[in-house]
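Asks: What follows is protein11.txt, made up of compact mmCIF, C-alpha atoms:
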```
# COMPACT_ATOMS: atom_id res chain seq x y z
CA MET A 1 0.00 0.00 0.00
CA GLU A 2 1.15 3.52 -0.68
CA ILE A 3 -0.11 6.79 0.72
CA SER A 4 0.02 9.79 -1.58
CA ILE A 5 1.35 13.09 -0.26
CA ASP A 6 -1.99 14.93 -0.29
CA VAL A 7 -3.61 12.27 1.88
CA LEU A 8 -0.70 12.59 4.30
CA ILE A 9 -1.12 16.39 4.42
CA PHE A 10 -4.87 15.98 4.96
CA TYR A 11 -4.24 13.78 8.00
CA LEU A 12 -1.61 16.23 9.31
CA VAL A 13 -4.00 19.20 9.01
CA SER A 14 -6.84 17.21 10.59
CA LEU A 15 -4.50 16.28 13.44
CA VAL A 16 -3.71 19.98 13.99
CA VAL A 17 -7.43 20.82 13.99
CA VAL A 18 -8.45 18.04 16.39
CA GLY A 19 -5.37 18.42 18.61
CA SER A 20 -5.76 22.13 19.17
CA ALA A 21 -9.51 21.70 19.64
CA CYS A 22 -8.65 19.18 22.39
CA ILE A 23 -6.36 21.78 24.02
CA VAL A 24 -9.24 24.29 23.85
CA ALA A 25 -11.52 21.76 25.53
CA PHE A 26 -9.20 20.32 28.19
CA SER A 27 -6.69 23.06 29.11
CA ARG A 28 -6.91 24.42 32.65
CA ASN A 29 -5.69 27.86 31.59
CA ILE A 30 -7.99 30.07 29.52
CA VAL A 31 -5.08 31.86 27.83
CA HIS A 32 -3.85 28.51 26.47
CA SER A 33 -7.41 27.68 25.36
CA ALA A 34 -7.77 30.98 23.52
CA PHE A 35 -4.40 30.73 21.79
CA SER A 36 -4.85 27.12 20.64
CA LEU A 37 -8.08 28.21 18.97
CA LEU A 38 -5.66 29.72 16.40
CA GLY A 39 -4.60 26.19 15.40
CA THR A 40 -8.21 25.08 14.99
CA PHE A 41 -9.26 28.07 12.88
CA GLY A 42 -6.11 27.92 10.74
CA GLY A 43 -6.47 24.17 10.27
CA VAL A 44 -10.10 24.49 9.22
CA ALA A 45 -8.98 27.12 6.68
CA GLY A 46 -6.51 24.51 5.38
CA LEU A 47 -9.33 21.95 5.07
CA TYR A 48 -11.36 24.51 3.09
CA VAL A 49 -8.40 24.81 0.69
CA PHE A 50 -8.42 21.00 0.34
CA LEU A 51 -12.11 21.18 -0.55
CA GLY A 52 -11.42 23.69 -3.34
CA ALA A 53 -13.12 26.57 -1.49
CA ASP A 54 -10.52 29.29 -1.94
CA PHE A 55 -12.78 32.25 -1.13
CA VAL A 56 -14.18 30.67 2.04
CA ALA A 57 -10.65 29.81 3.19
CA ALA A 58 -9.55 33.44 2.77
CA VAL A 59 -12.68 34.66 4.60
CA GLN A 60 -12.01 32.18 7.39
CA VAL A 61 -8.46 33.48 7.87
CA LEU A 62 -9.50 37.14 7.66
CA ILE A 63 -12.53 37.01 9.96
CA TYR A 64 -11.80 34.15 12.36
CA VAL A 65 -8.05 34.50 12.83
CA GLY A 66 -7.86 38.25 12.23
CA GLY A 67 -11.10 39.31 13.91
CA ILE A 68 -12.81 36.89 16.28
CA LEU A 69 -9.60 35.51 17.80
CA VAL A 70 -8.24 39.00 18.53
CA LEU A 71 -11.61 39.95 20.05
CA ILE A 72 -11.56 36.87 22.29
CA LEU A 73 -7.98 37.54 23.39
CA PHE A 74 -8.95 41.13 24.25
CA ALA A 75 -11.86 39.85 26.34
CA VAL A 76 -9.60 37.35 28.13
CA MET A 77 -7.06 40.05 28.96
CA LEU A 78 -9.75 42.49 30.13
CA THR A 79 -11.65 40.10 32.39
CA HIS A 80 -8.88 38.18 34.11
CA ARG A 81 -6.30 39.01 36.63
CA ILE A 82 -3.62 37.18 34.66
CA SER A 83 -1.50 36.69 37.79
CA ASP A 84 -3.83 34.21 39.53
CA ILE A 85 -3.57 31.83 36.65
CA ASP A 86 -4.65 28.50 38.12
CA ILE A 87 -8.35 29.27 38.66
CA THR A 88 -9.00 30.76 35.24
CA ASN A 89 -10.79 27.88 33.57
CA ARG A 90 -12.98 25.92 35.95
CA THR A 91 -14.84 22.85 34.73
CA VAL A 92 -17.73 21.04 36.39
CA GLY A 93 -18.83 17.45 35.79
CA ARG A 94 -15.89 16.37 33.63
CA ILE A 95 -16.52 12.61 33.71
CA PRO A 96 -20.29 12.55 32.98
CA GLY A 97 -19.80 15.18 30.29
CA LEU A 98 -17.00 13.20 28.70
CA VAL A 99 -19.03 9.96 28.72
CA ALA A 100 -22.10 11.65 27.24
CA VAL A 101 -20.09 13.37 24.50
CA ALA A 102 -18.15 10.16 23.70
CA VAL A 103 -21.40 8.21 23.26
CA PHE A 104 -22.78 11.04 21.11
CA LEU A 105 -19.63 11.08 18.94
CA GLY A 106 -19.80 7.29 18.56
CA ILE A 107 -23.39 7.48 17.31
CA LEU A 108 -22.42 10.32 14.97
CA VAL A 109 -19.45 8.44 13.44
CA TYR A 110 -21.55 5.27 13.11
CA ALA A 111 -24.26 7.23 11.28
CA ILE A 112 -21.67 8.86 8.99
CA GLY A 113 -20.23 5.45 8.13
CA GLU A 114 -23.58 3.73 7.54
CA THR A 115 -25.29 6.43 5.47
CA ASP A 116 -25.19 6.15 1.70
CA TRP A 117 -24.30 9.75 0.84
CA VAL A 118 -25.19 11.35 -2.48
CA LYS A 119 -21.96 11.96 -4.37
CA VAL A 120 -21.05 13.58 -7.67
CA LYS A 121 -19.19 11.43 -10.16
CA GLU A 122 -16.22 13.74 -10.54
CA VAL A 123 -15.16 16.40 -8.03
CA THR A 124 -14.00 19.63 -9.65
CA TYR A 125 -11.49 22.23 -8.58
CA ALA A 126 -12.31 25.64 -10.03
CA PRO A 127 -12.00 29.25 -8.80
CA THR A 128 -15.12 30.03 -6.78
CA THR A 129 -14.93 33.76 -6.04
CA ALA A 130 -16.74 34.98 -9.17
CA ALA A 131 -19.52 32.39 -8.78
CA ILE A 132 -20.00 33.32 -5.11
CA GLY A 133 -20.16 37.03 -5.98
CA ASN A 134 -22.79 36.39 -8.66
CA LEU A 135 -24.89 34.30 -6.26
CA PHE A 136 -24.67 36.95 -3.52
CA LEU A 137 -25.99 39.64 -5.85
CA GLY A 138 -28.44 37.27 -7.58
CA ASP A 139 -30.17 34.33 -5.89
CA TYR A 140 -29.05 35.24 -2.37
CA LEU A 141 -29.61 39.00 -2.53
CA LEU A 142 -32.22 39.12 0.28
CA PRO A 143 -30.16 37.05 2.78
CA PHE A 144 -27.16 39.19 1.85
CA GLN A 145 -29.04 42.40 2.70
CA ILE A 146 -30.41 40.89 5.92
CA ALA A 147 -26.85 39.92 6.85
CA ALA A 148 -25.80 43.53 6.45
CA VAL A 149 -28.62 44.64 8.79
CA VAL A 150 -27.66 41.92 11.30
CA LEU A 151 -24.08 43.19 11.32
CA LEU A 152 -25.25 46.78 11.87
CA VAL A 153 -27.52 45.69 14.76
CA ALA A 154 -24.65 43.67 16.27
CA LEU A 155 -22.35 46.70 16.02
CA ILE A 156 -24.82 49.05 17.73
CA GLY A 157 -25.75 46.41 20.32
CA ALA A 158 -22.13 45.73 21.26
CA ILE A 159 -21.45 49.44 21.71
CA THR A 160 -24.59 49.94 23.80
CA LEU A 161 -23.82 46.94 26.02
CA SER A 162 -20.19 47.69 26.72
CA ARG A 163 -20.18 51.47 27.28
CA LYS A 164 -20.07 52.79 30.81
CA GLU A 165 -23.19 54.62 31.93
CA ILE A 166 -22.57 58.00 33.48
CA LYS A 167 -25.09 58.71 36.20
CA GLU A 168 -25.86 62.22 37.39
CA MET B 1 -9.25 -5.34 6.36
CA ALA B 2 -8.34 -4.32 2.82
CA ALA B 3 -11.54 -2.26 2.72
CA TYR B 4 -10.41 -0.35 5.81
CA VAL B 5 -6.97 0.34 4.30
CA ALA B 6 -8.60 1.57 1.09
CA MET B 7 -10.88 3.79 3.20
CA LEU B 8 -7.90 5.33 4.99
CA THR B 9 -5.77 5.95 1.90
CA LYS B 10 -8.47 7.75 -0.13
CA VAL B 11 -9.85 10.93 1.41
CA GLY B 12 -13.58 11.33 0.78
CA LEU B 13 -16.66 13.00 2.18
CA GLU B 14 -16.75 10.84 5.30
CA HIS B 15 -13.32 11.98 6.48
CA TYR B 16 -14.38 15.62 6.54
CA LEU B 17 -17.67 14.70 8.22
CA VAL B 18 -15.78 12.84 10.96
CA VAL B 19 -13.47 15.83 11.56
CA GLY B 20 -16.56 18.06 11.73
CA GLY B 21 -18.21 15.60 14.13
CA ILE B 22 -15.18 15.61 16.44
CA LEU B 23 -15.14 19.42 16.46
CA PHE B 24 -18.87 19.47 17.22
CA ALA B 25 -18.52 16.96 20.08
CA LEU B 26 -15.65 18.93 21.64
CA GLY B 27 -17.69 22.13 21.36
CA ILE B 28 -20.68 20.48 23.06
CA TYR B 29 -18.34 19.19 25.79
CA ILE B 30 -17.02 22.72 26.40
CA VAL B 31 -20.51 24.22 26.55
CA LEU B 32 -21.63 21.49 28.98
CA THR B 33 -18.71 21.54 31.42
CA ARG B 34 -17.06 24.96 31.42
CA ARG B 35 -18.14 27.52 33.98
CA ASN B 36 -16.26 30.43 32.43
CA ALA B 37 -18.41 32.54 30.09
CA ILE B 38 -15.56 33.18 27.61
CA SER B 39 -14.77 29.46 27.43
CA ILE B 40 -18.40 28.74 26.59
CA LEU B 41 -18.13 31.23 23.73
CA LEU B 42 -15.00 29.38 22.51
CA GLY B 43 -17.09 26.18 22.46
CA VAL B 44 -19.81 27.86 20.41
CA GLU B 45 -17.15 28.99 17.91
CA LEU B 46 -15.99 25.36 17.57
CA ILE B 47 -19.58 24.23 16.90
CA LEU B 48 -20.08 26.92 14.23
CA ASN B 49 -16.78 25.94 12.59
CA SER B 50 -17.84 22.29 12.40
CA ALA B 51 -21.12 23.30 10.76
CA GLY B 52 -19.27 25.39 8.19
CA LEU B 53 -16.85 22.56 7.46
CA ASN B 54 -19.78 20.19 6.82
CA TYR B 55 -21.44 22.67 4.46
CA VAL B 56 -18.26 23.08 2.38
CA ALA B 57 -17.63 19.31 2.35
CA PHE B 58 -21.15 18.61 1.07
CA SER B 59 -20.86 21.40 -1.49
CA HIS B 60 -17.63 19.85 -2.79
CA PHE B 61 -18.55 16.16 -2.78
CA SER B 62 -22.35 16.02 -3.03
CA THR B 63 -23.61 18.90 -5.16
CA GLY B 64 -20.58 20.20 -7.02
CA ASN B 65 -21.80 23.83 -6.94
CA VAL B 66 -20.93 26.71 -4.60
CA ASP B 67 -24.28 27.15 -2.79
CA GLY B 68 -22.94 25.41 0.30
CA GLN B 69 -20.02 27.82 0.45
CA ILE B 70 -22.49 30.73 0.52
CA TYR B 71 -24.02 29.23 3.68
CA THR B 72 -20.56 28.91 5.21
CA VAL B 73 -19.92 32.61 4.56
CA PHE B 74 -23.23 33.40 6.31
CA ILE B 75 -22.22 31.16 9.25
CA ILE B 76 -18.89 33.02 9.56
CA MET B 77 -20.76 36.34 9.47
CA LEU B 78 -23.14 35.19 12.22
CA ALA B 79 -20.19 33.88 14.27
CA ALA B 80 -18.54 37.31 14.06
CA SER B 81 -21.62 39.18 15.25
CA GLU B 82 -22.28 36.52 17.92
CA ALA B 83 -18.72 36.92 19.22
CA ALA B 84 -19.03 40.72 19.35
CA ILE B 85 -22.37 40.68 21.20
CA GLY B 86 -21.38 37.78 23.48
CA LEU B 87 -18.12 39.37 24.55
CA ALA B 88 -19.85 42.71 25.15
CA ILE B 89 -22.32 40.92 27.44
CA VAL B 90 -19.42 39.17 29.20
CA LEU B 91 -17.68 42.51 29.79
CA ALA B 92 -20.92 44.01 31.16
CA ILE B 93 -21.30 41.04 33.53
CA TYR B 94 -17.69 41.46 34.63
CA GLN B 95 -18.25 45.13 35.45
CA LEU B 96 -21.33 44.23 37.51
CA PHE B 97 -20.18 41.08 39.35
CA ALA B 98 -16.34 41.28 39.07
CA THR B 99 -16.41 37.66 37.88
CA ILE B 100 -17.50 35.83 34.74
CA ASP B 101 -18.24 32.48 36.39
CA VAL B 102 -21.70 31.62 35.08
CA GLU B 103 -22.66 29.98 38.40
CA ALA B 104 -21.97 33.19 40.35
CA THR B 105 -24.34 35.29 38.27
CA GLU B 106 -27.66 34.08 39.67
CA THR B 107 -29.39 37.23 40.88
CA LEU B 108 -32.53 36.33 38.89
CA LYS B 109 -33.02 33.31 41.21
CA ASP B 110 -34.04 35.39 44.25
```
Translate the structure of the given file into structure tokens.

Replies:
Amino acid sequence: MEISIDVLIFYLVSLVVVGSACIVAFSRNIVHSAFSLLGTFGGVAGLYVFLGADFVAAVQVLIYVGGILVLILFAVMLTHRISDIDITNRTVGRIPGLVAVAVFLGILVYAIGETDWVKVKEVTYAPTTAAIGNLFLGDYLLPFQIAAVVLLVALIGAITLSRKEIKE
Amino acid sequence: MAAYVAMLTKVGLEHYLVVGGILFALGIYIVLTRRNAISILLGVELILNSAGLNYVAFSHFSTGNVDGQIYTVFIIMLAASEAAIGLAIVLAIYQLFATIDVEATETLKD
């Protein structure tokens, strides 16, 4: 048996994704959890590249790694006294939670293996950005506009929630 | 046995679905067990990422068009606004209670 190089890289990237997700889930220190989220987001962007989704991979890097991760790190730094490091990431009910999630994952993997998925004959790798742009301004115009409104509402809501009220 | 080896050496739809499933399970585990509000938000981000991964995998292997990728872009957009609002709420809670342990914030109980 031989393993081609792309399969090897796929397993490597998947290992990075799952491994750093495990650190996020099991680390006792929230700063470690937040930083290893970088590995998960970056790895998922790599998997998008494997799936031929170049635009989505770029969006993932720009928004998740460049935006959400920085936001989360800011929140961690603002809400924690970094010096008392050992109590930062409390967990409750580790063992029952782990058992329940393991059973759930087992059922999920069994279902994935047993289902007869619909598949195309030949997978294609083509640039997707132009097609996505046409769909956004064509078939998906209404969801696109609603998304813009949602972002505006989120912006105003975040400002309103986090400002300090000045009382007379 | 040979079937298993063939399954491992050729990457298909199921591989991506399993990776997405593992991410989803870890996210659920975080949401269930963590008591730190920011950690719970990290778990929600993992869950959203697994959903996006599944959408792109199905769009690549099952339909062959880019509609699934559109949904992933919407998921990423919702995750961004959810993170902004969620972290603003966390900061407001921190200013009020000086902690973000979700078991300490129970003033609605009384």

Asks: For chain B, which residues have at least one atom within 8 Å of chain A, if we go by all atoms listed in the file? Write them as an NGL selection string, please.

Replies: :B and (9-11 or 14 or 17-19 or 21-23 or 25-30 or 32-36 or 38-39 or 42-43 or 46 or 49 or 53 or 56-57 or 60-64 or 66-67 or 69-70 or 72-74 or 76-77 or 80-85 or 87-89 or 91-92 or 94 or 99-100)

Asks: Can I get the selection written as a CSV table (one decimal), in the frame of the given file, with C-alpha atoms?

Replies:
```csv
chain,number,residue,atom,x,y,z
B,9,THR,CA,-5.8,6.0,1.9
B,10,LYS,CA,-8.5,7.8,-0.1
B,11,VAL,CA,-9.8,10.9,1.4
B,14,GLU,CA,-16.8,10.8,5.3
B,17,LEU,CA,-17.7,14.7,8.2
B,18,VAL,CA,-15.8,12.8,11.0
B,19,VAL,CA,-13.5,15.8,11.6
B,21,GLY,CA,-18.2,15.6,14.1
B,22,ILE,CA,-15.2,15.6,16.4
B,23,LEU,CA,-15.1,19.4,16.5
B,25,ALA,CA,-18.5,17.0,20.1
B,26,LEU,CA,-15.6,18.9,21.6
B,27,GLY,CA,-17.7,22.1,21.4
B,28,ILE,CA,-20.7,20.5,23.1
B,29,TYR,CA,-18.3,19.2,25.8
B,30,ILE,CA,-17.0,22.7,26.4
B,32,LEU,CA,-21.6,21.5,29.0
B,33,THR,CA,-18.7,21.5,31.4
B,34,ARG,CA,-17.1,25.0,31.4
B,35,ARG,CA,-18.1,27.5,34.0
B,36,ASN,CA,-16.3,30.4,32.4
B,38,ILE,CA,-15.6,33.2,27.6
B,39,SER,CA,-14.8,29.5,27.4
B,42,LEU,CA,-15.0,29.4,22.5
B,43,GLY,CA,-17.1,26.2,22.5
B,46,LEU,CA,-16.0,25.4,17.6
B,49,ASN,CA,-16.8,25.9,12.6
B,53,LEU,CA,-16.8,22.6,7.5
B,56,VAL,CA,-18.3,23.1,2.4
B,57,ALA,CA,-17.6,19.3,2.4
B,60,HIS,CA,-17.6,19.8,-2.8
B,61,PHE,CA,-18.6,16.2,-2.8
B,62,SER,CA,-22.4,16.0,-3.0
B,63,THR,CA,-23.6,18.9,-5.2
B,64,GLY,CA,-20.6,20.2,-7.0
B,66,VAL,CA,-20.9,26.7,-4.6
B,67,ASP,CA,-24.3,27.2,-2.8
B,69,GLN,CA,-20.0,27.8,0.4
B,70,ILE,CA,-22.5,30.7,0.5
B,72,THR,CA,-20.6,28.9,5.2
B,73,VAL,CA,-19.9,32.6,4.6
B,74,PHE,CA,-23.2,33.4,6.3
B,76,ILE,CA,-18.9,33.0,9.6
B,77,MET,CA,-20.8,36.3,9.5
B,80,ALA,CA,-18.5,37.3,14.1
B,81,SER,CA,-21.6,39.2,15.2
B,82,GLU,CA,-22.3,36.5,17.9
B,83,ALA,CA,-18.7,36.9,19.2
B,84,ALA,CA,-19.0,40.7,19.4
B,85,ILE,CA,-22.4,40.7,21.2
B,87,LEU,CA,-18.1,39.4,24.6
B,88,ALA,CA,-19.8,42.7,25.2
B,89,ILE,CA,-22.3,40.9,27.4
B,91,LEU,CA,-17.7,42.5,29.8
B,92,ALA,CA,-20.9,44.0,31.2
B,94,TYR,CA,-17.7,41.5,34.6
B,99,THR,CA,-16.4,37.7,37.9
B,100,ILE,CA,-17.5,35.8,34.7
```

Asks: CA of Val5 (chain B) and CA of Asp116 (chain A) are how many Å apart?

Replies: 19.3 Å

Asks: Record the distance separating CA of His15 (chain B) and CA of Gly42 (chain A), expressed in Å with one decimal.

Replies: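 Rounded to one decimal, the two atoms are 18.0 Å apart.
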
Asks: Return the single residue from B:Gln95, B:Gly86, B:Thr107, B:Val102 that is closest to Leu41 (chain B), with distances computed using all atoms listed in the file.

Replies: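 Among the listed residues, B:Gly86 lies closest to Leu41 (chain B).
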
Asks: Provide the CA of Gly39 (chain A) to CA of Ser20 (chain A) distance in Å, to one decimal place.

Replies: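 It comes out at 5.7 Å.
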
Asks: I'd like to know which of B:Ile47, B:Phe58, B:Val31, B:Tyr71 is closest to Gly12 (chain B), using all atoms listed in the file.

Replies: B:Phe58
